[in-house]
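Listing of run09.cif, mmCIF, C-alpha atoms
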data_model
#
loop_
_atom_site.group_PDB
_atom_site.id
_atom_site.type_symbol
_atom_site.label_atom_id
_atom_site.label_comp_id
_atom_site.auth_asym_id
_atom_site.auth_seq_id
_atom_site.Cartn_x
_atom_site.Cartn_y
_atom_site.Cartn_z
ATOM 1 C CA MET A 1 61.451 -117.998 61.995
ATOM 2 C CA ALA A 2 61.596 -116.681 65.560
ATOM 3 C CA ILE A 3 58.369 -114.936 66.494
ATOM 4 C CA ARG A 4 58.641 -112.237 69.123
ATOM 5 C CA SER A 5 55.140 -110.783 68.944
ATOM 6 C CA GLU A 6 53.287 -110.792 72.256
ATOM 7 C CA ALA A 7 49.935 -110.840 70.437
ATOM 8 C CA TYR A 8 51.071 -113.900 68.471
ATOM 9 C CA LYS A 9 52.302 -115.664 71.593
ATOM 10 C CA SER A 10 49.004 -114.962 73.353
ATOM 11 C CA ILE A 11 47.011 -116.935 70.759
ATOM 12 C CA GLU A 12 49.059 -120.100 71.045
ATOM 13 C CA VAL A 13 47.381 -123.180 72.488
ATOM 14 C CA ASP A 14 47.477 -123.145 76.299
ATOM 15 C CA ALA A 15 48.475 -119.471 76.332
ATOM 16 C CA SER A 16 45.439 -118.452 78.395
ATOM 17 C CA GLU A 17 47.678 -117.520 81.327
ATOM 18 C CA ASN A 18 48.834 -114.616 79.116
ATOM 19 C CA TRP A 19 45.278 -113.320 78.833
ATOM 20 C CA ALA A 20 44.023 -110.467 80.994
ATOM 21 C CA SER A 21 40.920 -111.753 82.814
ATOM 22 C CA GLY A 22 40.251 -114.266 80.045
ATOM 23 C CA ILE A 23 40.668 -111.773 77.184
ATOM 24 C CA PRO A 24 43.431 -112.607 74.662
ATOM 25 C CA LEU A 25 46.065 -109.960 74.052
ATOM 26 C CA ALA A 26 45.324 -110.145 70.317
ATOM 27 C CA LEU A 27 41.755 -109.016 70.996
ATOM 28 C CA LEU A 28 42.839 -106.210 73.325
ATOM 29 C CA ASN A 29 45.403 -104.992 70.812
ATOM 30 C CA SER A 30 42.928 -105.091 67.922
ATOM 31 C CA SER A 31 40.222 -103.278 69.847
ATOM 32 C CA SER A 32 42.686 -100.611 70.971
ATOM 33 C CA VAL A 33 43.884 -100.026 67.413
ATOM 34 C CA TRP A 34 40.339 -99.965 66.033
ATOM 35 C CA GLU A 35 39.124 -97.507 68.691
ATOM 36 C CA ARG A 36 42.009 -95.143 67.944
ATOM 37 C CA THR A 37 41.446 -95.527 64.200
ATOM 38 C CA ILE A 38 37.781 -94.594 64.626
ATOM 39 C CA LEU A 39 38.678 -91.470 66.617
ATOM 40 C CA LYS A 40 41.308 -90.460 64.060
ATOM 41 C CA ASN A 41 38.972 -91.078 61.108
ATOM 42 C CA GLU A 42 36.068 -89.190 62.643
ATOM 43 C CA LYS A 43 38.333 -86.259 63.444
ATOM 44 C CA LEU A 44 39.630 -86.310 59.854
ATOM 45 C CA LEU A 45 36.101 -86.458 58.408
ATOM 46 C CA LEU A 46 35.038 -83.524 60.592
ATOM 47 C CA SER A 47 38.051 -81.372 59.837
ATOM 48 C CA THR A 48 37.999 -81.973 56.074
ATOM 49 C CA ARG A 49 34.204 -82.092 55.776
ATOM 50 C CA LYS A 50 34.522 -85.269 53.751
ATOM 51 C CA ASN A 51 31.623 -87.667 53.602
ATOM 52 C CA ASP A 52 32.121 -91.327 54.353
ATOM 53 C CA PRO A 53 30.200 -93.293 51.714
ATOM 54 C CA VAL A 54 27.219 -95.021 53.323
ATOM 55 C CA THR A 55 27.293 -98.807 52.926
ATOM 56 C CA ILE A 56 25.294 -101.769 54.155
ATOM 57 C CA PHE A 57 27.603 -101.729 57.206
ATOM 58 C CA HIS A 58 26.508 -98.289 58.394
ATOM 59 C CA GLY A 59 23.995 -98.016 61.201
ATOM 60 C CA SER A 60 21.671 -95.063 61.640
ATOM 61 C CA LYS A 61 23.358 -94.256 64.956
ATOM 62 C CA ALA A 62 26.496 -95.281 66.785
ATOM 63 C CA PRO A 63 25.975 -98.215 69.203
ATOM 64 C CA ASN A 64 26.280 -97.692 72.950
ATOM 65 C CA LEU A 65 28.898 -100.447 73.328
ATOM 66 C CA SER A 66 32.534 -99.516 72.795
ATOM 67 C CA VAL A 67 34.491 -101.522 70.246
ATOM 68 C CA THR A 68 36.346 -103.249 73.085
ATOM 69 C CA GLN A 69 33.108 -104.217 74.838
ATOM 70 C CA TYR A 70 31.656 -105.432 71.553
ATOM 71 C CA MET A 71 34.711 -107.566 70.759
ATOM 72 C CA GLU A 72 34.702 -109.005 74.273
ATOM 73 C CA ARG A 73 31.046 -109.910 73.736
ATOM 74 C CA ILE A 74 31.874 -111.638 70.448
ATOM 75 C CA PHE A 75 34.756 -113.527 72.055
ATOM 76 C CA LYS A 76 32.645 -114.578 75.048
ATOM 77 C CA TYR A 77 29.605 -115.820 73.142
ATOM 78 C CA CYS A 78 31.038 -116.955 69.806
ATOM 79 C CA ARG A 79 34.096 -118.653 71.276
ATOM 80 C CA CYS A 80 36.095 -118.193 68.116
ATOM 81 C CA SER A 81 39.834 -118.597 68.354
ATOM 82 C CA PRO A 82 41.844 -115.477 69.236
ATOM 83 C CA SER A 83 43.539 -115.679 65.838
ATOM 84 C CA CYS A 84 40.187 -114.787 64.242
ATOM 85 C CA PHE A 85 40.538 -111.247 65.589
ATOM 86 C CA ILE A 86 43.908 -110.854 63.849
ATOM 87 C CA ILE A 87 42.500 -112.334 60.641
ATOM 88 C CA ALA A 88 39.469 -110.038 60.943
ATOM 89 C CA GLN A 89 41.877 -107.067 61.112
ATOM 90 C CA ILE A 90 43.573 -108.270 57.923
ATOM 91 C CA TYR A 91 40.214 -108.704 56.186
ATOM 92 C CA MET A 92 39.063 -105.229 57.234
ATOM 93 C CA ASP A 93 42.281 -103.686 55.931
ATOM 94 C CA ARG A 94 41.748 -105.499 52.614
ATOM 95 C CA PHE A 95 38.130 -104.308 52.558
ATOM 96 C CA PHE A 96 39.020 -100.632 53.067
ATOM 97 C CA HIS A 97 41.945 -100.870 50.658
ATOM 98 C CA LYS A 98 39.570 -102.012 47.925
ATOM 99 C CA MET A 99 36.460 -100.007 48.843
ATOM 100 C CA GLY A 100 37.875 -96.806 50.261
ATOM 101 C CA GLY A 101 35.934 -95.177 53.060
ATOM 102 C CA TYR A 102 36.712 -95.035 56.748
ATOM 103 C CA LEU A 103 36.172 -97.097 59.860
ATOM 104 C CA THR A 104 33.816 -95.009 62.010
ATOM 105 C CA SER A 105 31.530 -95.484 64.984
ATOM 106 C CA PHE A 106 28.664 -95.904 62.493
ATOM 107 C CA ASN A 107 30.128 -98.914 60.649
ATOM 108 C CA ALA A 108 32.711 -100.458 63.005
ATOM 109 C CA HIS A 109 30.457 -102.836 64.919
ATOM 110 C CA ARG A 110 28.830 -104.314 61.825
ATOM 111 C CA LEU A 111 32.177 -104.661 60.059
ATOM 112 C CA ILE A 112 33.704 -106.295 63.131
ATOM 113 C CA ILE A 113 30.957 -108.907 63.584
ATOM 114 C CA THR A 114 31.061 -109.662 59.855
ATOM 115 C CA SER A 115 34.842 -109.894 59.585
ATOM 116 C CA VAL A 116 35.157 -112.013 62.742
ATOM 117 C CA MET A 117 32.382 -114.351 61.554
ATOM 118 C CA VAL A 118 34.026 -114.758 58.146
ATOM 119 C CA ALA A 119 37.415 -115.326 59.816
ATOM 120 C CA ALA A 120 35.925 -117.969 62.136
ATOM 121 C CA LYS A 121 34.281 -119.767 59.243
ATOM 122 C CA PHE A 122 37.544 -119.800 57.317
ATOM 123 C CA ALA A 123 40.052 -120.472 60.103
ATOM 124 C CA ASP A 124 38.270 -122.365 62.890
ATOM 125 C CA ASP A 125 37.164 -125.992 62.828
ATOM 126 C CA GLU A 126 33.915 -125.166 64.591
ATOM 127 C CA TYR A 127 31.788 -122.037 64.329
ATOM 128 C CA TYR A 128 28.219 -120.893 64.848
ATOM 129 C CA SER A 129 25.518 -120.122 62.306
ATOM 130 C CA ASN A 130 24.922 -116.693 60.801
ATOM 131 C CA ALA A 131 21.732 -116.459 62.886
ATOM 132 C CA TYR A 132 23.767 -116.917 66.074
ATOM 133 C CA TYR A 133 26.370 -114.326 65.052
ATOM 134 C CA ALA A 134 23.523 -111.967 64.181
ATOM 135 C CA GLN A 135 22.043 -112.395 67.645
ATOM 136 C CA VAL A 136 25.397 -111.782 69.331
ATOM 137 C CA GLY A 137 26.075 -108.809 67.040
ATOM 138 C CA GLY A 138 22.672 -107.201 67.514
ATOM 139 C CA VAL A 139 21.560 -107.390 63.882
ATOM 140 C CA SER A 140 18.923 -109.461 62.110
ATOM 141 C CA ARG A 141 19.809 -112.739 60.427
ATOM 142 C CA GLU A 142 18.908 -111.218 57.071
ATOM 143 C CA GLU A 143 21.255 -108.257 57.669
ATOM 144 C CA MET A 144 24.020 -110.636 58.729
ATOM 145 C CA ASN A 145 23.583 -112.675 55.547
ATOM 146 C CA ARG A 146 23.640 -109.555 53.353
ATOM 147 C CA MET A 147 26.685 -108.137 55.149
ATOM 148 C CA GLU A 148 28.568 -111.413 54.792
ATOM 149 C CA LEU A 149 27.882 -111.538 51.056
ATOM 150 C CA GLU A 150 28.829 -107.892 50.545
ATOM 151 C CA PHE A 151 32.011 -108.396 52.563
ATOM 152 C CA LEU A 152 33.010 -111.566 50.688
ATOM 153 C CA PHE A 153 32.379 -110.041 47.265
ATOM 154 C CA ASN A 154 34.416 -106.964 48.204
ATOM 155 C CA LEU A 155 37.250 -109.240 49.296
ATOM 156 C CA GLU A 156 36.768 -111.159 46.062
ATOM 157 C CA PHE A 157 36.523 -114.257 48.268
ATOM 158 C CA ARG A 158 40.276 -114.036 48.936
ATOM 159 C CA LEU A 159 40.354 -115.221 52.518
ATOM 160 C CA PHE A 160 43.670 -117.041 52.735
ATOM 161 C CA VAL A 161 46.252 -115.347 54.965
ATOM 162 C CA THR A 162 49.865 -116.486 54.844
ATOM 163 C CA LYS A 163 51.775 -117.092 58.056
ATOM 164 C CA GLU A 164 54.111 -114.219 57.153
ATOM 165 C CA VAL A 165 51.223 -111.766 56.789
ATOM 166 C CA PHE A 166 49.627 -113.049 59.997
ATOM 167 C CA VAL A 167 52.851 -112.613 61.987
ATOM 168 C CA LYS A 168 53.411 -109.184 60.405
ATOM 169 C CA TYR A 169 49.975 -108.075 61.623
ATOM 170 C CA CYS A 170 50.629 -109.421 65.123
ATOM 171 C CA GLU A 171 53.872 -107.457 65.273
ATOM 172 C CA LYS A 172 52.152 -104.378 63.827
ATOM 173 C CA LEU A 173 49.474 -104.599 66.525
ATOM 174 C CA ASP A 174 52.125 -104.930 69.221
ATOM 175 C CA ARG A 175 53.945 -101.825 67.951
ATOM 176 C CA ALA A 176 50.743 -99.821 67.599
ATOM 177 C CA VAL A 177 49.587 -100.554 71.124
ATOM 178 C CA VAL A 178 52.974 -100.172 72.778
ATOM 179 C CA GLY A 179 53.653 -97.018 70.767
ATOM 180 C CA GLU A 180 50.628 -95.137 72.032
ATOM 181 C CA TYR A 181 49.795 -96.844 75.320
ATOM 182 C CA HIS A 182 51.967 -98.983 77.479
ATOM 183 C CA ILE A 183 50.557 -102.465 77.026
ATOM 184 C CA ARG A 184 50.806 -103.380 80.710
ATOM 185 C CA ARG A 185 48.441 -100.522 81.607
ATOM 186 C CA THR A 186 45.844 -102.034 79.281
ATOM 187 C CA ILE A 187 46.288 -105.468 80.794
ATOM 188 C CA ASN A 188 46.175 -104.140 84.346
ATOM 189 C CA ARG A 189 42.971 -102.249 83.564
ATOM 190 C CA TYR A 190 41.294 -105.523 82.589
ATOM 191 C CA ALA A 191 42.869 -107.529 85.411
ATOM 192 C CA LYS A 192 41.095 -105.523 88.126
#
Write out the structure in this file as structure tokens.
Amino acid sequence: MAIRSEAYKSIEVDASENWASGIPLALLNSSSVWERTILKNEKLLLSTRKNDPVTIFHGSKAPNLSVTQYMERIFKYCRCSPSCFIIAQIYMDRFFHKMGGYLTSFNAHRLIITSVMVAAKFADDEYYSNAYYAQVGGVSREEMNRMELEFLFNLEFRLFVTKEVFVKYCEKLDRAVVGEYHIRRTINRYAK
């Protein structure tokens, strides 16, 4: 199977020359998609006056860090493989498909740290403790433990991702980013 996805190619071993200032394309694509999803969802919730059900993942206020900054922080300090960010996207889609609700600025950061941590534990050979992820994510160890359990139970512990699904998500991320923003502009912004 010939893989044409730029996000997929950027996570290959020794692909770091494809990263913008040390940030994998998969992470940039995911953060871009998540930031646009948050804006779209919050606009939808405002215009329809729907309420997003409050979960353990909701904070009392939106964090000051953007999703991109937060994901860069996770990548820098947790050193999980770039593929974890794609897997985290798949897990979050599964989570919302089962639970309903919306990704918003009030739940995004907690869902991201949880989904990336779960992805790292499942996919990477080495990973940090929940206490370390909690520190990086800005939550308590107890909150991190509760969020992980809630997340896993909502996914019904179905963490396996086939290669076909993984590649499909990489290609979907490429299309989403290129469709709205030209990907080179994003890379150039981080290369400065």
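Here CA of Arg146 (chain A) stands at a distance of 17.7 Å from CA of Phe122 (chain A).
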Distance query region 158-162 of chain A at most 10 Å, all atoms listed in the file, self and fewer than 4 positions along chain excluded, as a PyMOL selection string: chain A and resi 87-88+90-91+94+118-119+122-123+152-154+166-168
Selection result of the PyMOL selection byres ((chain A and resi 93) around 12) on this file, as number ranges by chain: A: 34, 37, 86-92, 94-103, 111-112, 115, 151, 154-155, 169
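Here CA of Tyr132 (chain A) stands at a distance of 18.4 Å from CA of Pro82 (chain A).
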Among the residues A:Arg141, A:Arg110, A:Met71, A:Leu173, the one that comes closest to Phe57 (chain A) [using only C-alpha atoms]: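 Residue with the minimum atom-to-atom distance to Phe57 (chain A): A:Arg110.
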Computed interatomic separation between CA of Thr104 (chain A) and CA of Ile38 (chain A) (Å): 4.8 Å
Neighbours of Gly138 (chain A) within 12 Å (only C-alpha atoms; same-chain residues fewer than 6 positions away dropped), as a CSV table (one decimal) with C-alpha atoms, in the coordinates of the input?
chain,number,residue,atom,x,y,z
A,59,GLY,CA,24.0,-98.0,61.2
A,63,PRO,CA,26.0,-98.2,69.2
A,64,ASN,CA,26.3,-97.7,73.0
A,65,LEU,CA,28.9,-100.4,73.3
A,70,TYR,CA,31.7,-105.4,71.6
A,73,ARG,CA,31.0,-109.9,73.7
A,74,ILE,CA,31.9,-111.6,70.4
A,109,HIS,CA,30.5,-102.8,64.9
A,110,ARG,CA,28.8,-104.3,61.8
A,112,ILE,CA,33.7,-106.3,63.1
A,113,ILE,CA,31.0,-108.9,63.6
A,114,THR,CA,31.1,-109.7,59.9
A,130,ASN,CA,24.9,-116.7,60.8
A,131,ALA,CA,21.7,-116.5,62.9
A,132,TYR,CA,23.8,-116.9,66.1
A,144,MET,CA,24.0,-110.6,58.7
Would you mind writing region 135-146 of chain A with all heavy atoms, as a JSON list (two decimals), keeping the file's coordinate frame?
[["chain", "number", "residue", "atom", "x", "y", "z"],
["A", 135, "GLN", "N", 22.58, -112.63, 66.30],
["A", 135, "GLN", "CA", 22.04, -112.40, 67.64],
["A", 135, "GLN", "C", 23.11, -111.78, 68.55],
["A", 135, "GLN", "O", 22.84, -110.81, 69.26],
["A", 135, "GLN", "CB", 21.53, -113.71, 68.24],
["A", 135, "GLN", "CG", 20.84, -113.55, 69.56],
["A", 135, "GLN", "CD", 20.28, -114.88, 70.07],
["A", 135, "GLN", "OE1", 20.61, -115.95, 69.57],
["A", 135, "GLN", "NE2", 19.45, -114.80, 71.09],
["A", 136, "VAL", "N", 24.30, -112.32, 68.51],
["A", 136, "VAL", "CA", 25.40, -111.78, 69.33],
["A", 136, "VAL", "C", 25.72, -110.35, 68.90],
["A", 136, "VAL", "O", 25.97, -109.48, 69.72],
["A", 136, "VAL", "CB", 26.65, -112.68, 69.23],
["A", 136, "VAL", "CG1", 27.87, -112.01, 69.87],
["A", 136, "VAL", "CG2", 26.39, -114.03, 69.88],
["A", 137, "GLY", "N", 25.70, -110.11, 67.58],
["A", 137, "GLY", "CA", 26.08, -108.81, 67.04],
["A", 137, "GLY", "C", 24.99, -107.76, 67.09],
["A", 137, "GLY", "O", 25.24, -106.59, 66.81],
["A", 138, "GLY", "N", 23.76, -108.17, 67.41],
["A", 138, "GLY", "CA", 22.67, -107.20, 67.51],
["A", 138, "GLY", "C", 22.10, -106.77, 66.18],
["A", 138, "GLY", "O", 21.62, -105.65, 66.04],
["A", 139, "VAL", "N", 22.16, -107.66, 65.19],
["A", 139, "VAL", "CA", 21.56, -107.39, 63.88],
["A", 139, "VAL", "C", 20.63, -108.55, 63.53],
["A", 139, "VAL", "O", 20.69, -109.61, 64.15],
["A", 139, "VAL", "CB", 22.63, -107.21, 62.77],
["A", 139, "VAL", "CG1", 23.51, -106.00, 63.05],
["A", 139, "VAL", "CG2", 23.47, -108.46, 62.60],
["A", 140, "SER", "N", 19.81, -108.37, 62.53],
["A", 140, "SER", "CA", 18.92, -109.46, 62.11],
["A", 140, "SER", "C", 19.72, -110.49, 61.30],
["A", 140, "SER", "O", 20.79, -110.19, 60.77],
["A", 140, "SER", "CB", 17.77, -108.92, 61.26],
["A", 140, "SER", "OG", 18.24, -108.52, 60.00],
["A", 141, "ARG", "N", 19.17, -111.68, 61.21],
["A", 141, "ARG", "CA", 19.81, -112.74, 60.43],
["A", 141, "ARG", "C", 19.93, -112.31, 58.96],
["A", 141, "ARG", "O", 20.95, -112.55, 58.31],
["A", 141, "ARG", "CB", 19.02, -114.04, 60.54],
["A", 141, "ARG", "CG", 19.62, -115.19, 59.76],
["A", 141, "ARG", "CD", 18.83, -116.49, 59.93],
["A", 141, "ARG", "NE", 17.39, -116.30, 59.78],
["A", 141, "ARG", "CZ", 16.72, -116.34, 58.61],
["A", 141, "ARG", "NH1", 17.37, -116.56, 57.50],
["A", 141, "ARG", "NH2", 15.42, -116.16, 58.58],
["A", 142, "GLU", "N", 18.89, -111.67, 58.46],
["A", 142, "GLU", "CA", 18.91, -111.22, 57.07],
["A", 142, "GLU", "C", 20.02, -110.19, 56.83],
["A", 142, "GLU", "O", 20.72, -110.24, 55.82],
["A", 142, "GLU", "CB", 17.54, -110.63, 56.68],
["A", 142, "GLU", "CG", 16.41, -111.64, 56.63],
["A", 142, "GLU", "CD", 15.85, -112.01, 58.01],
["A", 142, "GLU", "OE1", 16.12, -111.30, 59.01],
["A", 142, "GLU", "OE2", 15.16, -113.04, 58.09],
["A", 143, "GLU", "N", 20.17, -109.25, 57.78],
["A", 143, "GLU", "CA", 21.26, -108.26, 57.67],
["A", 143, "GLU", "C", 22.61, -108.94, 57.70],
["A", 143, "GLU", "O", 23.51, -108.59, 56.93],
["A", 143, "GLU", "CB", 21.18, -107.25, 58.82],
["A", 143, "GLU", "CG", 20.12, -106.20, 58.70],
["A", 143, "GLU", "CD", 20.14, -105.29, 59.91],
["A", 143, "GLU", "OE1", 19.85, -105.76, 61.03],
["A", 143, "GLU", "OE2", 20.46, -104.09, 59.72],
["A", 144, "MET", "N", 22.75, -109.92, 58.60],
["A", 144, "MET", "CA", 24.02, -110.64, 58.73],
["A", 144, "MET", "C", 24.35, -111.34, 57.42],
["A", 144, "MET", "O", 25.50, -111.27, 56.94],
["A", 144, "MET", "CB", 23.92, -111.65, 59.87],
["A", 144, "MET", "CG", 25.22, -112.33, 60.22],
["A", 144, "MET", "SD", 26.25, -111.33, 61.31],
["A", 144, "MET", "CE", 27.45, -110.75, 60.16],
["A", 145, "ASN", "N", 23.36, -111.98, 56.82],
["A", 145, "ASN", "CA", 23.58, -112.68, 55.55],
["A", 145, "ASN", "C", 23.99, -111.70, 54.45],
["A", 145, "ASN", "O", 24.92, -111.97, 53.68],
["A", 145, "ASN", "CB", 22.33, -113.43, 55.12],
["A", 145, "ASN", "CG", 22.02, -114.61, 56.03],
["A", 145, "ASN", "OD1", 22.87, -115.09, 56.75],
["A", 145, "ASN", "ND2", 20.78, -115.07, 55.99],
["A", 146, "ARG", "N", 23.31, -110.56, 54.37],
["A", 146, "ARG", "CA", 23.64, -109.56, 53.35],
["A", 146, "ARG", "C", 25.04, -108.97, 53.59],
["A", 146, "ARG", "O", 25.79, -108.76, 52.63],
["A", 146, "ARG", "CB", 22.59, -108.44, 53.34],
["A", 146, "ARG", "CG", 21.29, -108.84, 52.66],
["A", 146, "ARG", "CD", 20.39, -107.65, 52.37],
["A", 146, "ARG", "NE", 20.09, -106.83, 53.53],
["A", 146, "ARG", "CZ", 19.05, -107.01, 54.34],
["A", 146, "ARG", "NH1", 18.20, -107.98, 54.12],
["A", 146, "ARG", "NH2", 18.85, -106.20, 55.36]]
